Amino acid sequence: MPTSIEIWNLRIDEPMTVLTDLLLAAICFYAYLNIRHVESPGRIKRYFKYYFLTLGFGSLFGGVLGHAFLYQLPDHWKLLSWMLVLLSVVLISLAMLEMARPLINPSFTRIIQRLNMCLFILAAFFTVWNVAFSPVKYYTIFGMVLIVGMLSVHLYRKTGNRALLRLTMAVGVGLVSAVIFSYQWGLGPWFNHNDISHVILSFSTVMIYKGASLLLNSSPLI
């Protein structure tokens, strides 16, 4: 049974999970609003901006519809949050690929882009088909570690831009969150693996925001 509280006769399930989801959403919306005002034309800014926006709404709907009030809704309402999270990973992957375009082989870039989109479509299909989070988790690990993380390391070696180290470290912190979530390491029913992973993801998201801001304000970009 999930933990629950009542506020003004309104039942809220898994309140700590809801709270940590809302924390992550607030960070994402803050990042989105600030990235909007960065004077950097082109697709890289757009990809980063909408990465934060989609992840923010994914976290918001995950907390409200996927945890707090799911007892009032069919399970497939979880899909709204999960699909937004998938889309956010696509967007940050595209941002990194666009950034790397001048420095890596164009054929390799096209291969990775096509592979990324194929895996996204497969993950979305199996997420909807099974109403399961596992495809979201595996695609997120692929996108964040093998695209964002590896490209950040490669671009840092090529350019020496220290903002890319922030992105690399952010991916490492996010990977810790994935391990905790996968093994369901928690401190008890009131602060479980979901809650811990959300807090760690919040730190990771702050690091991504700071790295993206530095990159977008770089002149030249990389």
# chains A, B, ... in the order shown; residues from 1 in each chain; ligands from 1
call {"tool": "residues_around", "arguments": {"residues": "Pro189 of chain A", "least_positions_apart": "2", "cutoff": "8 Å", "atoms": "only C-alpha atoms", "output": "ChimeraX atom specification"}}
result
/A:2-3,186-187,191-192
call {"tool": "closest_atom_pairs", "arguments": {"of": "segment 33-66 of chain A", "to": "segment 18-28 of chain A", "cutoff": "9 Å", "atoms": "only C-alpha atoms", "output": "CSV"}}
result
residue,atom,partner,partner_atom,distance
A:Leu33,CA,A:Cys28,CA,8.7
A:Tyr51,CA,A:Cys28,CA,8.6
A:Phe52,CA,A:Cys28,CA,4.9
A:Leu53,CA,A:Cys28,CA,6.4
A:Thr54,CA,A:Cys28,CA,8.5
A:Leu55,CA,A:Cys28,CA,6.7
A:Gly56,CA,A:Ala25,CA,4.1
A:Phe57,CA,A:Ala25,CA,6.6
A:Gly58,CA,A:Ala25,CA,7.7
A:Ser59,CA,A:Ala25,CA,5.2
A:Leu60,CA,A:Ala25,CA,5.5
A:Phe61,CA,A:Asp21,CA,8.7
A:Gly62,CA,A:Asp21,CA,7.0
A:Gly63,CA,A:Val18,CA,4.3
A:Val64,CA,A:Val18,CA,6.6
A:Gly66,CA,A:Val18,CA,8.8
call {"tool": "write_last_selection", "arguments": {"atoms": "C-alpha atoms", "output": "PDB file, in the first residue's frame"}}
result
ATOM      1  CA  LEU A  33      12.574  30.529 -18.365  1.00  0.00           C
ATOM      2  CA  TYR A  51      14.262  19.744 -22.999  1.00  0.00           C
ATOM      3  CA  PHE A  52      13.690  21.567 -19.725  1.00  0.00           C
ATOM      4  CA  LEU A  53      10.075  22.358 -20.576  1.00  0.00           C
ATOM      5  CA  THR A  54       9.109  18.774 -21.470  1.00  0.00           C
ATOM      6  CA  LEU A  55      10.988  17.286 -18.513  1.00  0.00           C
ATOM      7  CA  GLY A  56       9.314  19.842 -16.252  1.00  0.00           C
ATOM      8  CA  PHE A  57       5.817  18.924 -17.403  1.00  0.00           C
ATOM      9  CA  GLY A  58       6.749  15.243 -17.310  1.00  0.00           C
ATOM     10  CA  SER A  59       7.752  15.594 -13.667  1.00  0.00           C
ATOM     11  CA  LEU A  60       4.690  17.688 -12.835  1.00  0.00           C
ATOM     12  CA  PHE A  61       2.237  15.238 -14.400  1.00  0.00           C
ATOM     13  CA  GLY A  62       4.182  12.317 -12.957  1.00  0.00           C
ATOM     14  CA  GLY A  63       3.782  13.670  -9.450  1.00  0.00           C
ATOM     15  CA  VAL A  64       0.136  14.704  -9.749  1.00  0.00           C
ATOM     16  CA  GLY A  66       1.139   9.235 -11.619  1.00  0.00           C
TER      17      GLY A  66
END
call {"tool": "select_by_dssp", "arguments": {"residues": "chain A", "states": "strand (DSSP E or B)", "output": "ChimeraX atom specification"}}
result
/A:4-7,10-13
call {"tool": "write_last_selection", "arguments": {"atoms": "C-alpha atoms", "output": "PDB file, in the first residue's frame"}}
result
ATOM      1  CA  SER A   4      -0.872   8.727   1.917  1.00  0.00           C
ATOM      2  CA  ILE A   5      -1.948  11.883   3.707  1.00  0.00           C
ATOM      3  CA  GLU A   6      -5.169  13.874   3.781  1.00  0.00           C
ATOM      4  CA  ILE A   7      -5.419  17.647   3.343  1.00  0.00           C
ATOM      5  CA  LEU A  10      -8.373  15.259  -0.014  1.00  0.00           C
ATOM      6  CA  ARG A  11      -6.289  12.086  -0.128  1.00  0.00           C
ATOM      7  CA  ILE A  12      -2.776  12.422  -1.577  1.00  0.00           C
ATOM      8  CA  ASP A  13      -0.837   9.218  -2.171  1.00  0.00           C
TER       9      ASP A  13
END
call {"tool": "residues_around", "arguments": {"residues": "segment 162-178 of chain A", "least_positions_apart": "4", "cutoff": "9 Å", "atoms": "only C-alpha atoms", "output": "MDAnalysis selection string"}}
result
chainID A and resid 137 141 144:145 148:153 155:156 182:183 193 196:215
call {"tool": "write_last_selection", "arguments": {"atoms": "C-alpha atoms", "output": "compact mmCIF listing (two decimals), in the first residue's frame"}}
result
# COMPACT_ATOMS: atom_id res chain seq x y z
CA LYS A 137 14.32 3.93 -18.17
CA ILE A 141 20.08 5.60 -19.98
CA MET A 144 21.90 10.40 -21.47
CA VAL A 145 24.94 8.13 -21.12
CA VAL A 148 24.95 13.19 -23.98
CA GLY A 149 27.69 11.78 -21.78
CA MET A 150 29.98 10.42 -24.48
CA LEU A 151 29.60 13.48 -26.70
CA SER A 152 30.29 15.79 -23.75
CA VAL A 153 33.55 13.95 -23.06
CA LEU A 155 33.74 17.65 -27.22
CA TYR A 156 35.63 18.56 -24.05
CA SER A 182 16.61 0.15 -10.49
CA TYR A 183 17.66 -1.56 -7.26
CA HIS A 193 13.78 4.82 -4.09
CA ILE A 196 15.86 9.54 -3.51
CA SER A 197 16.21 9.25 -7.29
CA HIS A 198 14.13 12.40 -7.80
CA VAL A 199 16.34 14.39 -5.41
CA ILE A 200 19.49 13.19 -7.16
CA LEU A 201 17.94 13.94 -10.57
CA SER A 202 17.21 17.45 -9.33
CA PHE A 203 20.93 17.98 -8.64
CA SER A 204 21.73 16.52 -12.06
CA THR A 205 19.24 18.86 -13.74
CA VAL A 206 20.76 21.91 -12.04
CA MET A 207 24.16 20.84 -13.38
CA ILE A 208 22.74 20.38 -16.88
CA TYR A 209 21.18 23.85 -16.71
CA LYS A 210 24.45 25.46 -15.62
CA GLY A 211 26.39 23.58 -18.30
CA ALA A 212 23.87 24.47 -21.02
CA SER A 213 23.84 28.14 -19.95
CA LEU A 214 27.62 28.35 -20.10
CA LEU A 215 27.69 26.67 -23.49
call {"tool": "atom_distance", "arguments": {"atom1": "atom CA of Tyr30 of chain A", "atom2": "atom CA of Phe48 of chain A"}}
result
12.8 Å
call {"tool": "decode", "arguments": {"residues": "segment 96-136 of chain A", "atoms": "N, CA and C atoms", "output": "compact mmCIF listing (two decimals), in the first residue's frame"}}
result
# COMPACT_ATOMS: atom_id res chain seq x y z
N MET A 96 22.97 17.92 -28.22
CA MET A 96 24.37 17.51 -28.21
C MET A 96 24.86 17.13 -29.60
N LEU A 97 24.03 16.46 -30.37
CA LEU A 97 24.42 16.08 -31.73
C LEU A 97 24.60 17.32 -32.61
N GLU A 98 23.73 18.30 -32.43
CA GLU A 98 23.86 19.55 -33.19
C GLU A 98 25.14 20.29 -32.80
N MET A 99 25.44 20.27 -31.51
CA MET A 99 26.64 20.93 -31.04
C MET A 99 27.91 20.25 -31.57
N ALA A 100 27.85 18.92 -31.67
CA ALA A 100 29.01 18.14 -32.10
C ALA A 100 29.19 18.13 -33.61
N ARG A 101 28.18 18.58 -34.35
CA ARG A 101 28.19 18.44 -35.81
C ARG A 101 29.48 18.96 -36.48
N PRO A 102 30.01 20.12 -36.07
CA PRO A 102 31.21 20.60 -36.76
C PRO A 102 32.47 19.78 -36.45
N LEU A 103 32.41 18.96 -35.40
CA LEU A 103 33.63 18.32 -34.92
C LEU A 103 33.65 16.80 -35.10
N ILE A 104 32.59 16.22 -35.63
CA ILE A 104 32.59 14.78 -35.86
C ILE A 104 32.14 14.49 -37.29
N ASN A 105 32.41 13.30 -37.72
CA ASN A 105 32.10 12.90 -39.09
C ASN A 105 30.59 13.00 -39.35
N PRO A 106 30.19 13.69 -40.44
CA PRO A 106 28.75 13.85 -40.72
C PRO A 106 28.02 12.51 -40.87
N SER A 107 28.66 11.51 -41.45
CA SER A 107 28.03 10.20 -41.60
C SER A 107 27.75 9.57 -40.24
N PHE A 108 28.71 9.73 -39.32
CA PHE A 108 28.52 9.19 -37.98
C PHE A 108 27.37 9.90 -37.27
N THR A 109 27.30 11.23 -37.47
CA THR A 109 26.21 11.99 -36.86
C THR A 109 24.85 11.49 -37.36
N ARG A 110 24.75 11.26 -38.67
CA ARG A 110 23.48 10.79 -39.23
C ARG A 110 23.12 9.41 -38.69
N ILE A 111 24.10 8.53 -38.56
CA ILE A 111 23.85 7.19 -38.03
C ILE A 111 23.31 7.27 -36.60
N ILE A 112 23.97 8.08 -35.77
CA ILE A 112 23.54 8.21 -34.38
C ILE A 112 22.15 8.84 -34.30
N GLN A 113 21.88 9.84 -35.13
CA GLN A 113 20.55 10.46 -35.13
C GLN A 113 19.46 9.45 -35.49
N ARG A 114 19.72 8.65 -36.51
CA ARG A 114 18.73 7.67 -36.94
C ARG A 114 18.54 6.58 -35.90
N LEU A 115 19.66 6.13 -35.33
CA LEU A 115 19.56 5.12 -34.26
C LEU A 115 18.79 5.67 -33.08
N ASN A 116 19.08 6.92 -32.73
CA ASN A 116 18.39 7.56 -31.61
C ASN A 116 16.88 7.62 -31.85
N MET A 117 16.48 8.03 -33.04
CA MET A 117 15.06 8.14 -33.34
C MET A 117 14.38 6.77 -33.39
N CYS A 118 15.08 5.77 -33.92
CA CYS A 118 14.51 4.41 -33.95
C CYS A 118 14.29 3.89 -32.54
N LEU A 119 15.28 4.10 -31.67
CA LEU A 119 15.14 3.63 -30.29
C LEU A 119 14.06 4.40 -29.54
N PHE A 120 13.94 5.69 -29.84
CA PHE A 120 12.86 6.47 -29.24
C PHE A 120 11.49 5.93 -29.64
N ILE A 121 11.32 5.65 -30.92
CA ILE A 121 10.04 5.11 -31.41
C ILE A 121 9.74 3.76 -30.77
N LEU A 122 10.76 2.91 -30.68
CA LEU A 122 10.57 1.59 -30.04
C LEU A 122 10.22 1.75 -28.57
N ALA A 123 10.93 2.64 -27.89
CA ALA A 123 10.65 2.85 -26.46
C ALA A 123 9.24 3.39 -26.26
N ALA A 124 8.83 4.34 -27.11
CA ALA A 124 7.47 4.89 -27.00
C ALA A 124 6.43 3.81 -27.26
N PHE A 125 6.67 2.98 -28.28
CA PHE A 125 5.71 1.92 -28.61
C PHE A 125 5.54 0.94 -27.45
N PHE A 126 6.66 0.46 -26.90
CA PHE A 126 6.56 -0.54 -25.84
C PHE A 126 6.09 0.07 -24.52
N THR A 127 6.36 1.36 -24.32
CA THR A 127 5.81 2.03 -23.14
C THR A 127 4.29 2.07 -23.20
N VAL A 128 3.76 2.44 -24.36
CA VAL A 128 2.30 2.51 -24.53
C VAL A 128 1.69 1.12 -24.55
N TRP A 129 2.33 0.20 -25.25
CA TRP A 129 1.78 -1.15 -25.40
C TRP A 129 1.67 -1.87 -24.06
N ASN A 130 2.70 -1.74 -23.23
CA ASN A 130 2.73 -2.47 -21.96
C ASN A 130 2.34 -1.61 -20.76
N VAL A 131 2.14 -0.30 -20.98
CA VAL A 131 1.95 0.65 -19.89
C VAL A 131 3.01 0.37 -18.82
N ALA A 132 4.26 0.44 -19.25
CA ALA A 132 5.39 0.10 -18.38
C ALA A 132 6.45 1.18 -18.46
N PHE A 133 7.16 1.38 -17.36
CA PHE A 133 8.18 2.41 -17.29
C PHE A 133 9.54 1.91 -17.78
N SER A 134 9.74 0.61 -17.84
CA SER A 134 11.06 0.06 -18.19
C SER A 134 11.61 0.61 -19.51
N PRO A 135 10.83 0.68 -20.60
CA PRO A 135 11.39 1.24 -21.83
C PRO A 135 11.84 2.68 -21.67
N VAL A 136 11.14 3.45 -20.86
CA VAL A 136 11.55 4.84 -20.60
C VAL A 136 12.90 4.86 -19.90
